[in-house]
file coords.cif (mmCIF, C-alpha atoms)
data_work
#
loop_
_atom_site.label_atom_id
_atom_site.label_comp_id
_atom_site.auth_asym_id
_atom_site.auth_seq_id
_atom_site.Cartn_x
_atom_site.Cartn_y
_atom_site.Cartn_z
CA MET A 1351 29.03 50.14 0.71
CA THR A 1352 29.16 48.60 4.19
CA ASN A 1353 26.10 46.68 5.35
CA GLU A 1354 25.12 45.83 8.89
CA SER A 1355 23.49 42.62 10.06
CA PHE A 1356 22.07 41.90 13.52
CA GLN A 1357 22.35 38.29 14.65
CA PHE A 1358 22.83 35.99 17.63
CA ALA A 1359 26.00 33.90 17.94
CA HIS A 1360 24.06 31.24 19.90
CA PRO A 1361 20.41 31.58 18.82
CA GLY A 1362 19.45 28.22 20.37
CA VAL A 1363 19.78 29.76 23.84
CA LEU A 1364 16.77 31.96 23.10
CA PHE A 1365 14.47 28.95 23.44
CA LEU A 1366 14.92 29.34 27.20
CA LEU A 1367 12.73 32.46 26.95
CA LEU A 1368 9.77 30.15 26.36
CA PHE A 1369 10.01 29.00 29.98
CA LEU A 1370 9.53 32.51 31.39
CA PRO A 1371 5.72 32.57 30.96
CA LEU A 1372 5.54 29.17 32.65
CA LEU A 1373 7.64 30.49 35.51
CA ALA A 1374 5.37 33.54 35.83
CA ILE A 1375 2.28 31.29 35.96
CA TRP A 1376 3.91 29.08 38.57
CA LYS A 1377 4.78 32.07 40.74
CA GLY A 1378 1.25 33.46 40.40
CA ARG A 1379 -0.30 30.14 41.35
CA TRP A 1380 1.67 29.67 44.54
CA GLY A 1381 1.94 33.32 45.48
CA GLN A 1382 4.69 34.94 47.50
CA PRO A 1383 6.18 32.79 50.27
CA VAL A 1384 5.76 34.15 53.77
CA ALA A 1385 8.88 35.00 55.73
CA ILE A 1386 7.68 33.94 59.21
CA LYS A 1387 5.70 30.86 60.22
CA MET A 1388 2.47 31.82 62.02
CA PRO A 1389 1.11 29.99 65.04
CA SER A 1390 -2.42 30.19 63.71
CA THR A 1391 -3.67 28.86 60.40
CA ALA A 1392 -6.35 31.53 60.22
CA ASP A 1393 -3.76 34.27 60.72
CA ALA A 1394 -1.59 32.75 58.01
CA ILE A 1395 -4.50 32.81 55.55
CA SER A 1396 -5.11 36.46 56.33
CA VAL A 1397 -1.61 37.43 55.30
CA GLY A 1398 -1.89 35.28 52.20
CA ALA A 1399 0.57 34.94 49.43
CA ARG A 1400 1.44 38.51 48.72
CA PRO A 1401 3.69 41.01 50.46
CA ARG A 1402 2.64 43.50 53.08
CA SER A 1403 3.06 46.40 50.69
CA LYS A 1404 0.95 46.42 47.53
CA ALA A 1405 3.79 48.22 45.83
CA GLY A 1406 5.95 45.19 46.45
CA GLY A 1407 3.77 43.14 44.13
CA PHE A 1408 5.91 44.14 41.14
CA LEU A 1409 9.08 42.59 42.60
CA PRO A 1410 8.58 39.16 41.00
CA PHE A 1411 8.48 40.82 37.60
CA PHE A 1412 11.92 42.31 38.23
CA GLY A 1413 13.29 38.78 38.50
CA LEU A 1414 11.54 37.58 35.36
CA ILE A 1415 12.67 40.57 33.31
CA ALA A 1416 16.22 40.19 34.65
CA LEU A 1417 16.24 36.49 33.74
CA GLY A 1418 15.02 37.30 30.23
CA LEU A 1419 17.78 39.87 29.75
CA LEU A 1420 20.42 37.43 30.98
CA ILE A 1421 19.19 34.74 28.55
CA ILE A 1422 19.43 37.21 25.66
CA ALA A 1423 22.95 38.13 26.80
CA LEU A 1424 23.93 34.44 26.79
CA ALA A 1425 22.72 34.19 23.17
CA ARG A 1426 25.38 36.81 22.34
CA PRO A 1427 23.59 39.41 20.22
CA ARG A 1428 25.98 41.12 17.85
CA LEU A 1429 26.05 43.48 14.91
CA GLY A 1430 27.96 42.48 11.78
CA LYS A 1431 30.00 45.39 10.51
CA GLY A 1432 32.14 45.46 7.41
CA SER A 1433 32.02 42.68 4.86
CA THR A 1434 34.36 40.96 2.47
CA ASP A 1435 33.77 39.41 -0.93
CA ILE A 1436 34.40 35.68 -1.08
CA GLU A 1437 34.25 33.42 -4.09
CA THR A 1438 32.36 30.14 -4.22
CA SER A 1439 31.90 27.59 -7.00
CA GLY A 1440 28.59 26.25 -8.21
CA ILE A 1441 28.40 23.50 -10.83
CA ASP A 1442 26.04 20.57 -11.43
CA VAL A 1443 27.97 17.30 -11.56
CA VAL A 1444 26.93 13.70 -12.19
CA LEU A 1445 29.46 11.12 -10.98
CA THR A 1446 29.18 7.99 -13.14
CA LEU A 1447 30.80 4.84 -11.73
CA ASP A 1448 31.47 1.45 -13.27
CA VAL A 1449 30.38 -1.37 -10.94
CA SER A 1450 30.92 -4.29 -13.30
CA GLY A 1451 32.53 -7.49 -12.07
CA SER A 1452 36.02 -6.45 -13.21
CA MET A 1453 35.98 -3.70 -10.57
CA GLU A 1454 36.81 -6.50 -8.11
CA ALA A 1455 40.38 -6.54 -9.43
CA LEU A 1456 42.89 -6.13 -6.59
CA ASP A 1457 45.39 -3.89 -8.37
CA PHE A 1458 44.93 -0.77 -6.20
CA LYS A 1459 45.93 -0.17 -2.58
CA LEU A 1460 44.45 1.43 0.52
CA ASP A 1461 46.71 2.12 3.50
CA GLY A 1462 49.37 -0.02 1.91
CA GLN A 1463 47.09 -3.06 1.53
CA PRO A 1464 45.66 -4.49 -1.71
CA ALA A 1465 42.10 -3.29 -2.33
CA ASN A 1466 39.65 -3.75 -5.15
CA ARG A 1467 39.06 -0.96 -7.62
CA LEU A 1468 35.55 -0.11 -6.49
CA GLU A 1469 36.57 0.22 -2.85
CA VAL A 1470 39.31 2.70 -3.78
CA VAL A 1471 37.09 4.60 -6.21
CA LYS A 1472 34.42 5.06 -3.55
CA LYS A 1473 36.95 6.52 -1.12
CA VAL A 1474 38.40 8.92 -3.70
CA VAL A 1475 34.96 10.00 -4.92
CA ALA A 1476 33.82 10.61 -1.32
CA LYS A 1477 36.79 12.95 -0.90
CA PHE A 1478 35.88 14.74 -4.14
CA VAL A 1479 32.30 15.22 -2.90
CA GLY A 1480 33.64 16.83 0.27
CA GLN A 1481 35.59 19.34 -1.82
CA ARG A 1482 32.48 20.56 -3.68
CA PRO A 1483 30.19 21.88 -0.90
CA ASN A 1484 28.42 24.41 -3.14
CA ASP A 1485 27.72 22.10 -6.08
CA LYS A 1486 24.68 20.00 -6.82
CA LEU A 1487 25.97 16.46 -7.21
CA GLY A 1488 24.25 13.34 -8.52
CA MET A 1489 25.43 9.78 -9.09
CA VAL A 1490 24.82 7.04 -11.65
CA ALA A 1491 26.27 3.53 -11.40
CA PHE A 1492 26.39 1.06 -14.26
CA ALA A 1493 27.33 -2.44 -15.26
CA GLY A 1494 25.20 -4.14 -17.94
CA ARG A 1495 22.88 -1.13 -17.63
CA PRO A 1496 22.90 2.17 -15.70
CA TYR A 1497 20.83 2.97 -12.62
CA LEU A 1498 20.40 6.11 -10.54
CA VAL A 1499 22.18 6.15 -7.18
CA SER A 1500 21.30 9.73 -6.27
CA PRO A 1501 19.59 12.61 -8.11
CA LEU A 1502 21.25 16.01 -8.20
CA THR A 1503 21.29 17.30 -4.65
CA LEU A 1504 22.99 19.72 -2.27
CA ASP A 1505 22.45 17.18 0.52
CA HIS A 1506 25.92 15.69 0.34
CA ASP A 1507 25.36 13.63 3.50
CA PHE A 1508 22.60 11.78 1.65
CA LEU A 1509 24.86 11.35 -1.37
CA ALA A 1510 27.68 9.99 0.82
CA LYS A 1511 25.33 7.41 2.33
CA ARG A 1512 24.15 6.31 -1.10
CA LEU A 1513 27.75 6.08 -2.30
CA ALA A 1514 28.62 3.87 0.66
CA ASP A 1515 25.84 1.46 -0.39
CA VAL A 1516 27.10 1.13 -3.97
CA LYS A 1517 28.31 -2.39 -4.70
CA MET A 1518 28.75 -4.86 -7.52
CA GLY A 1519 26.03 -7.29 -8.54
CA GLN A 1520 23.02 -4.96 -8.21
CA VAL A 1521 22.33 -5.22 -11.96
CA GLU A 1522 23.37 -7.69 -14.64
CA ASP A 1523 27.08 -7.70 -15.43
CA GLY A 1524 28.62 -5.96 -18.42
CA THR A 1525 29.98 -2.52 -19.29
CA ALA A 1526 27.33 -0.27 -20.85
CA ILE A 1527 29.40 2.91 -21.20
CA GLY A 1528 27.22 4.49 -23.91
CA SER A 1529 24.03 3.93 -21.93
CA ALA A 1530 25.68 5.24 -18.75
CA ILE A 1531 26.70 8.48 -20.49
CA ALA A 1532 23.21 8.88 -21.95
CA SER A 1533 21.58 8.34 -18.55
CA SER A 1534 23.94 10.80 -16.84
CA VAL A 1535 23.32 13.44 -19.51
CA ASP A 1536 19.58 12.96 -19.15
CA HIS A 1537 19.79 13.73 -15.42
CA LEU A 1538 21.50 17.02 -16.29
CA ARG A 1539 19.11 17.94 -19.11
CA ASP A 1540 16.83 20.13 -16.99
CA SER A 1541 19.63 21.68 -14.95
CA THR A 1542 19.84 25.48 -15.16
CA ALA A 1543 23.46 25.63 -13.99
CA LYS A 1544 25.86 27.47 -16.27
CA SER A 1545 28.29 24.56 -16.11
CA ARG A 1546 27.17 20.91 -16.22
CA ILE A 1547 29.58 18.01 -16.24
CA VAL A 1548 29.71 14.21 -16.13
CA ILE A 1549 32.71 12.41 -14.63
CA LEU A 1550 32.68 8.86 -15.99
CA LEU A 1551 34.95 6.19 -14.50
CA THR A 1552 35.27 2.75 -16.08
CA ASP A 1553 37.76 -0.09 -16.18
CA GLY A 1554 36.56 -1.81 -19.34
CA VAL A 1555 35.30 -1.73 -22.89
CA ASN A 1556 31.75 -0.90 -23.97
CA ASN A 1557 30.14 -4.33 -24.43
CA ALA A 1558 26.53 -3.86 -23.35
CA GLY A 1559 23.62 -1.51 -23.92
CA ALA A 1560 22.13 -0.27 -27.16
CA ILE A 1561 23.82 3.15 -27.31
CA ASN A 1562 27.25 3.85 -28.74
CA PRO A 1563 29.43 5.96 -26.40
CA LEU A 1564 30.28 8.41 -29.20
CA THR A 1565 26.59 8.90 -29.96
CA SER A 1566 25.99 9.72 -26.31
CA ALA A 1567 28.94 12.13 -26.42
CA GLU A 1568 27.38 13.99 -29.36
CA ALA A 1569 24.13 14.33 -27.41
CA ALA A 1570 26.07 15.70 -24.45
CA LYS A 1571 27.86 18.18 -26.71
CA ALA A 1572 24.55 19.38 -28.15
CA LEU A 1573 23.32 20.14 -24.63
CA GLY A 1574 26.56 21.84 -23.60
CA ILE A 1575 27.50 19.11 -21.13
CA LYS A 1576 31.13 18.10 -20.68
CA VAL A 1577 32.01 14.44 -20.13
CA TYR A 1578 35.31 13.79 -18.36
CA THR A 1579 36.43 10.17 -18.69
CA ILE A 1580 38.71 8.12 -16.45
CA GLY A 1581 40.10 4.71 -17.32
CA ALA A 1582 40.93 2.90 -14.07
CA GLY A 1583 43.17 -0.14 -13.66
CA THR A 1584 46.72 -1.31 -14.20
CA ARG A 1585 47.98 -1.93 -17.71
CA GLY A 1586 48.47 -5.51 -18.82
CA GLU A 1587 47.17 -7.92 -16.19
CA ALA A 1588 45.48 -7.70 -12.78
CA PRO A 1589 44.58 -10.22 -10.04
CA ILE A 1590 40.82 -10.80 -9.88
CA PRO A 1591 38.97 -12.94 -7.29
CA VAL A 1592 37.30 -15.96 -8.90
CA ARG A 1593 34.84 -18.37 -7.27
CA ASP A 1594 34.88 -22.04 -8.16
CA GLY A 1595 31.95 -24.45 -8.20
CA PHE A 1596 32.30 -25.08 -4.47
CA GLY A 1597 32.04 -21.38 -3.57
CA ARG A 1598 35.73 -21.06 -2.80
CA THR A 1599 37.49 -17.85 -3.84
CA TYR A 1600 40.96 -17.64 -5.30
CA LEU A 1601 42.91 -15.02 -7.25
CA GLN A 1602 43.40 -15.40 -10.97
CA THR A 1603 45.53 -13.09 -13.07
CA MET A 1604 43.54 -11.76 -16.00
CA LYS A 1605 44.21 -9.42 -18.88
CA VAL A 1606 43.10 -5.81 -18.41
CA ASP A 1607 41.36 -4.24 -21.39
CA ILE A 1608 40.37 -0.57 -21.41
CA ASP A 1609 39.30 1.28 -24.55
CA GLU A 1610 41.40 4.39 -23.94
CA GLU A 1611 40.94 5.62 -27.50
CA MET A 1612 37.16 5.64 -27.20
CA LEU A 1613 37.28 7.36 -23.79
CA GLY A 1614 39.54 10.04 -25.26
CA LYS A 1615 37.15 10.66 -28.17
CA VAL A 1616 34.16 10.96 -25.81
CA ALA A 1617 35.93 13.56 -23.67
CA SER A 1618 37.32 15.47 -26.65
CA ALA A 1619 33.91 15.64 -28.37
CA THR A 1620 32.42 17.40 -25.33
CA GLY A 1621 35.33 19.77 -24.68
CA ALA A 1622 36.56 17.84 -21.65
CA GLN A 1623 39.62 15.71 -20.91
CA SER A 1624 40.37 12.01 -20.58
CA PHE A 1625 42.57 10.50 -17.86
CA ARG A 1626 44.17 7.17 -17.02
CA ALA A 1627 44.53 5.95 -13.41
CA THR A 1628 46.83 2.98 -12.82
CA ASP A 1629 46.99 3.20 -9.02
CA THR A 1630 45.38 4.93 -6.04
CA ASP A 1631 47.69 7.97 -6.12
CA SER A 1632 47.07 8.71 -9.79
CA LEU A 1633 43.31 8.31 -9.28
CA GLU A 1634 43.35 10.85 -6.44
CA LYS A 1635 45.35 13.30 -8.54
CA ILE A 1636 42.89 12.97 -11.43
CA TYR A 1637 39.90 13.93 -9.28
CA GLU A 1638 41.96 16.77 -7.78
CA SER A 1639 42.75 17.99 -11.32
CA ILE A 1640 39.10 17.91 -12.33
CA ASN A 1641 38.23 19.71 -9.11
CA GLN A 1642 40.58 22.53 -10.12
CA LEU A 1643 39.53 22.57 -13.78
CA GLU A 1644 35.83 22.84 -13.10
CA LYS A 1645 35.28 25.94 -11.03
CA THR A 1646 32.98 28.85 -11.76
CA THR A 1647 32.99 31.77 -9.38
CA ARG A 1648 30.35 34.03 -7.96
CA LYS A 1649 30.78 36.65 -5.29
CA MET A 1650 28.86 36.79 -2.07
CA LYS A 1651 29.12 38.86 1.10
CA LYS A 1652 30.47 37.42 4.30
CA TYR A 1653 30.43 39.40 7.53
CA GLN A 1654 33.68 39.07 9.42
CA GLN A 1655 33.71 41.94 11.95
CA TYR A 1656 31.22 42.03 14.80
CA GLU A 1657 30.25 44.49 17.51
CA GLU A 1658 29.23 42.49 20.58
CA LEU A 1659 26.00 43.74 22.15
CA PHE A 1660 25.55 41.31 25.05
CA LEU A 1661 26.64 43.91 27.64
CA TYR A 1662 23.56 45.97 26.76
CA PHE A 1663 21.47 43.09 28.11
CA LEU A 1664 23.81 41.69 30.75
CA ALA A 1665 24.26 44.98 32.63
CA PRO A 1666 20.54 45.85 33.05
CA GLY A 1667 19.77 42.22 33.85
CA LEU A 1668 22.26 42.19 36.72
CA ALA A 1669 21.09 45.63 37.82
CA LEU A 1670 17.50 44.42 38.06
CA LEU A 1671 18.56 41.41 40.11
CA LEU A 1672 20.48 43.66 42.53
CA LEU A 1673 17.55 46.09 42.70
CA GLU A 1674 15.15 43.26 43.52
CA LEU A 1675 17.51 42.00 46.22
CA PHE A 1676 17.80 45.51 47.69
CA LEU A 1677 14.06 46.21 47.66
CA THR A 1678 13.24 42.94 49.39
CA GLN A 1679 15.32 44.21 52.31
CA THR A 1680 13.43 47.53 52.56
CA ARG A 1681 9.77 48.45 52.87
CA PHE A 1682 8.92 45.98 50.11
CA ARG A 1683 10.32 43.00 52.09
CA ARG A 1684 8.15 39.92 52.33
CA LEU A 1685 6.81 40.10 55.85
CA PRO A 1686 3.36 39.10 57.21
#
call {"tool": "encode", "arguments": {"input": "coords.cif", "output": "structure tokens"}}
result
Amino acid sequence: MTNESFQFAHPGVLFLLLFLPLLAIWKGRWGQPVAIKMPSTADAISVGARPRSKAGGFLPFFGLIALGLLIIALARPRLGKGSTDIETSGIDVVLTLDVSGSMEALDFKLDGQPANRLEVVKKVVAKFVGQRPNDKLGMVAFAGRPYLVSPLTLDHDFLAKRLADVKMGQVEDGTAIGSAIASSVDHLRDSTAKSRIVILLTDGVNNAGAINPLTSAEAAKALGIKVYTIGAGTRGEAPIPVRDGFGRTYLQTMKVDIDEEMLGKVASATGAQSFRATDTDSLEKIYESINQLEKTTRKMKKYQQYEELFLYFLAPGLALLLLELFLTQTRFRRLP
């Protein structure tokens, strides 16, 4: 069945209609201007501010009505005809990011230049957020303990600003993966979405917090929440900035240690997948893969064909203006 929907292409223009009553009051206050200057003030008062013919008193309203019609025409009224079904996705997602000290490692690149892991992750995650306009997204960061960056929200501009503020050193150092999963799952507990997922990114081994990652995974499974895991960082060794006792910074090559086996078990227990990112390109592809994997569809109507109606307002508006102009040159002219 075809539905019809009346709308304005530029509804903001309609606010100009609010000035019409003010214009009418202004015209009424000052009256009609006289066409000929009189030699006597008394005579001028006698002719006053209205036209010679009483019938001509309606002429100002022609102008106001015409102006109103022209404003409506500028707002482009139109009638939506015919509709198409489009599919959109809607999933609740918590993005869980490791912000421990090891995320300072300079083994990734941005624009061909070395960049630390967190800087690259933030850019890739921001792109992922932009690809999920219909999802509620939240964010948890963690080091020695997790903390909430953003609750689930459709306000992705707010989320992007909070993501930009994420940095290392906001909580004690460490890698509390189990606690981070538990916190992320808790923020999805009351969600009514049919699909709820956590995307956990870490570059280390669980060494803080009181909760075992596999225990958190079982809790997620019980609630029907999937936990995708991403291990980020090169294999072997990576250059990490180190500060000496004098505050000077230098690079020191350190061993990279990621518990890939544990991350795989967490993902598998919840019916999700585990990934390994060793550079910027692979990290981008992982988030793209998850973006494709996690899509539910619902149909909604979108009007695509319109019948423009502005001529129905433009034509009478112009006609009224011409009529007013014509009448002011006849017996309704403004003469003393």
call {"tool": "residues_around", "arguments": {"input": "coords.cif", "residues": "region 1481-1495 of chain A", "least_positions_apart": "5", "cutoff": "6 Å", "atoms": "all atoms listed in the file", "output": "ChimeraX atom specification"}}
result
/A:1440-1450,1500-1504,1522-1526,1558
call {"tool": "write_last_selection", "arguments": {"input": "coords.cif", "atoms": "C-alpha atoms", "output": "tab-separated table (two decimals), in the frame of the given file"}}
result
chain	number	residue	atom	x	y	z
A	1440	GLY	CA	28.59	26.25	-8.21
A	1441	ILE	CA	28.40	23.50	-10.83
A	1442	ASP	CA	26.04	20.57	-11.43
A	1443	VAL	CA	27.97	17.30	-11.56
A	1444	VAL	CA	26.93	13.70	-12.19
A	1445	LEU	CA	29.46	11.12	-10.98
A	1446	THR	CA	29.18	7.99	-13.14
A	1447	LEU	CA	30.80	4.84	-11.73
A	1448	ASP	CA	31.47	1.45	-13.27
A	1449	VAL	CA	30.38	-1.37	-10.94
A	1450	SER	CA	30.92	-4.29	-13.30
A	1500	SER	CA	21.30	9.73	-6.27
A	1501	PRO	CA	19.59	12.61	-8.11
A	1502	LEU	CA	21.25	16.01	-8.20
A	1503	THR	CA	21.29	17.30	-4.65
A	1504	LEU	CA	22.99	19.72	-2.27
A	1522	GLU	CA	23.37	-7.69	-14.64
A	1523	ASP	CA	27.08	-7.70	-15.43
A	1524	GLY	CA	28.62	-5.96	-18.42
A	1525	THR	CA	29.98	-2.52	-19.29
A	1526	ALA	CA	27.33	-0.27	-20.85
A	1558	ALA	CA	26.53	-3.86	-23.35
call {"tool": "resolve_selection", "arguments": {"input": "coords.cif", "expression": "the PyMOL selection byres ((chain A and resi 1568) around 12)", "output": "ChimeraX atom specification"}}
result
/A:1528,1531-1532,1535,1561-1567,1569-1577,1615-1621
call {"tool": "residues_around", "arguments": {"input": "coords.cif", "residues": "Val1470 (chain A)", "least_positions_apart": "2", "cutoff": "8 Å", "atoms": "only C-alpha atoms", "output": "MDAnalysis selection string"}}
result
chainID A and resid 1458:1460 1465:1468 1472:1474 1630
call {"tool": "resolve_selection", "arguments": {"input": "coords.cif", "expression": "the PyMOL selection byres ((chain A and resi 1671) around 12)", "output": "ChimeraX atom specification"}}
result
/A:1409-1420,1664-1670,1672-1678
call {"tool": "atom_distance", "arguments": {"input": "coords.cif", "atom1": "CA of Glu1644 (chain A)", "atom2": "CA of Phe1478 (chain A)"}}
result
12.1 Å
call {"tool": "atom_distance", "arguments": {"input": "coords.cif", "atom1": "CA of Val1606 (chain A)", "atom2": "CA of Leu1498 (chain A)"}}
result
26.8 Å
call {"tool": "atom_distance", "arguments": {"input": "coords.cif", "atom1": "CA of Gln1357 (chain A)", "atom2": "CA of Ile1422 (chain A)"}}
result
11.4 Å
call {"tool": "closest_residue", "arguments": {"input": "coords.cif", "among": "A:Pro1496, A:Pro1427, A:Ala1510, A:Arg1539", "to": "Gly1480 (chain A)", "atoms": "all atoms listed in the file"}}
result
A:Ala1510
call {"tool": "residues_around", "arguments": {"input": "coords.cif", "residues": "Phe1625 (chain A)", "least_positions_apart": "3", "cutoff": "12 Å", "atoms": "all atoms listed in the file", "output": "PyMOL selection string"}}
result
chain A and resi 1549-1553+1577-1583+1608-1618+1622+1628+1632-1640
call {"tool": "residues_around", "arguments": {"input": "coords.cif", "residues": "Tyr1600 (chain A)", "least_positions_apart": "5", "cutoff": "8 Å", "atoms": "all atoms listed in the file", "output": "PyMOL selection string"}}
result
chain A and resi 1591-1593
call {"tool": "closest_residue", "arguments": {"input": "coords.cif", "among": "A:Ile1547, A:Lys1605, A:Gly1430, A:Arg1585", "to": "Ser1355 (chain A)", "atoms": "only C-alpha atoms"}}
result
A:Gly1430
call {"tool": "residues_around", "arguments": {"input": "coords.cif", "residues": "region 1359-1366 of chain A", "least_positions_apart": "6", "cutoff": "8 Å", "atoms": "only C-alpha atoms", "output": "list in words"}}
result
Ile1421, Ile1422, Leu1424, Ala1425, Arg1426, Pro1427 and Arg1428 of chain A
call {"tool": "closest_residue", "arguments": {"input": "coords.cif", "among": "A:Glu1658, A:Asp1515, A:Asp1629, A:Glu1469", "to": "Met1453 (chain A)", "atoms": "all atoms listed in the file"}}
result
A:Glu1469
call {"tool": "closest_residue", "arguments": {"input": "coords.cif", "among": "A:Ser1529, A:Gly1451, A:Phe1660, A:Ala1476", "to": "Lys1517 (chain A)", "atoms": "all atoms listed in the file"}}
result
A:Gly1451
call {"tool": "axis_aligned_box", "arguments": {"input": "coords.cif", "around": "region 1447-1461 of chain A", "padding_each_side": "8 Å", "output": "AutoDock Vina command-line options"}}
result
--center_x 38.5 --center_y -1.3 --center_z -4.9 --size_x 32.3 --size_y 28.3 --size_z 32.8
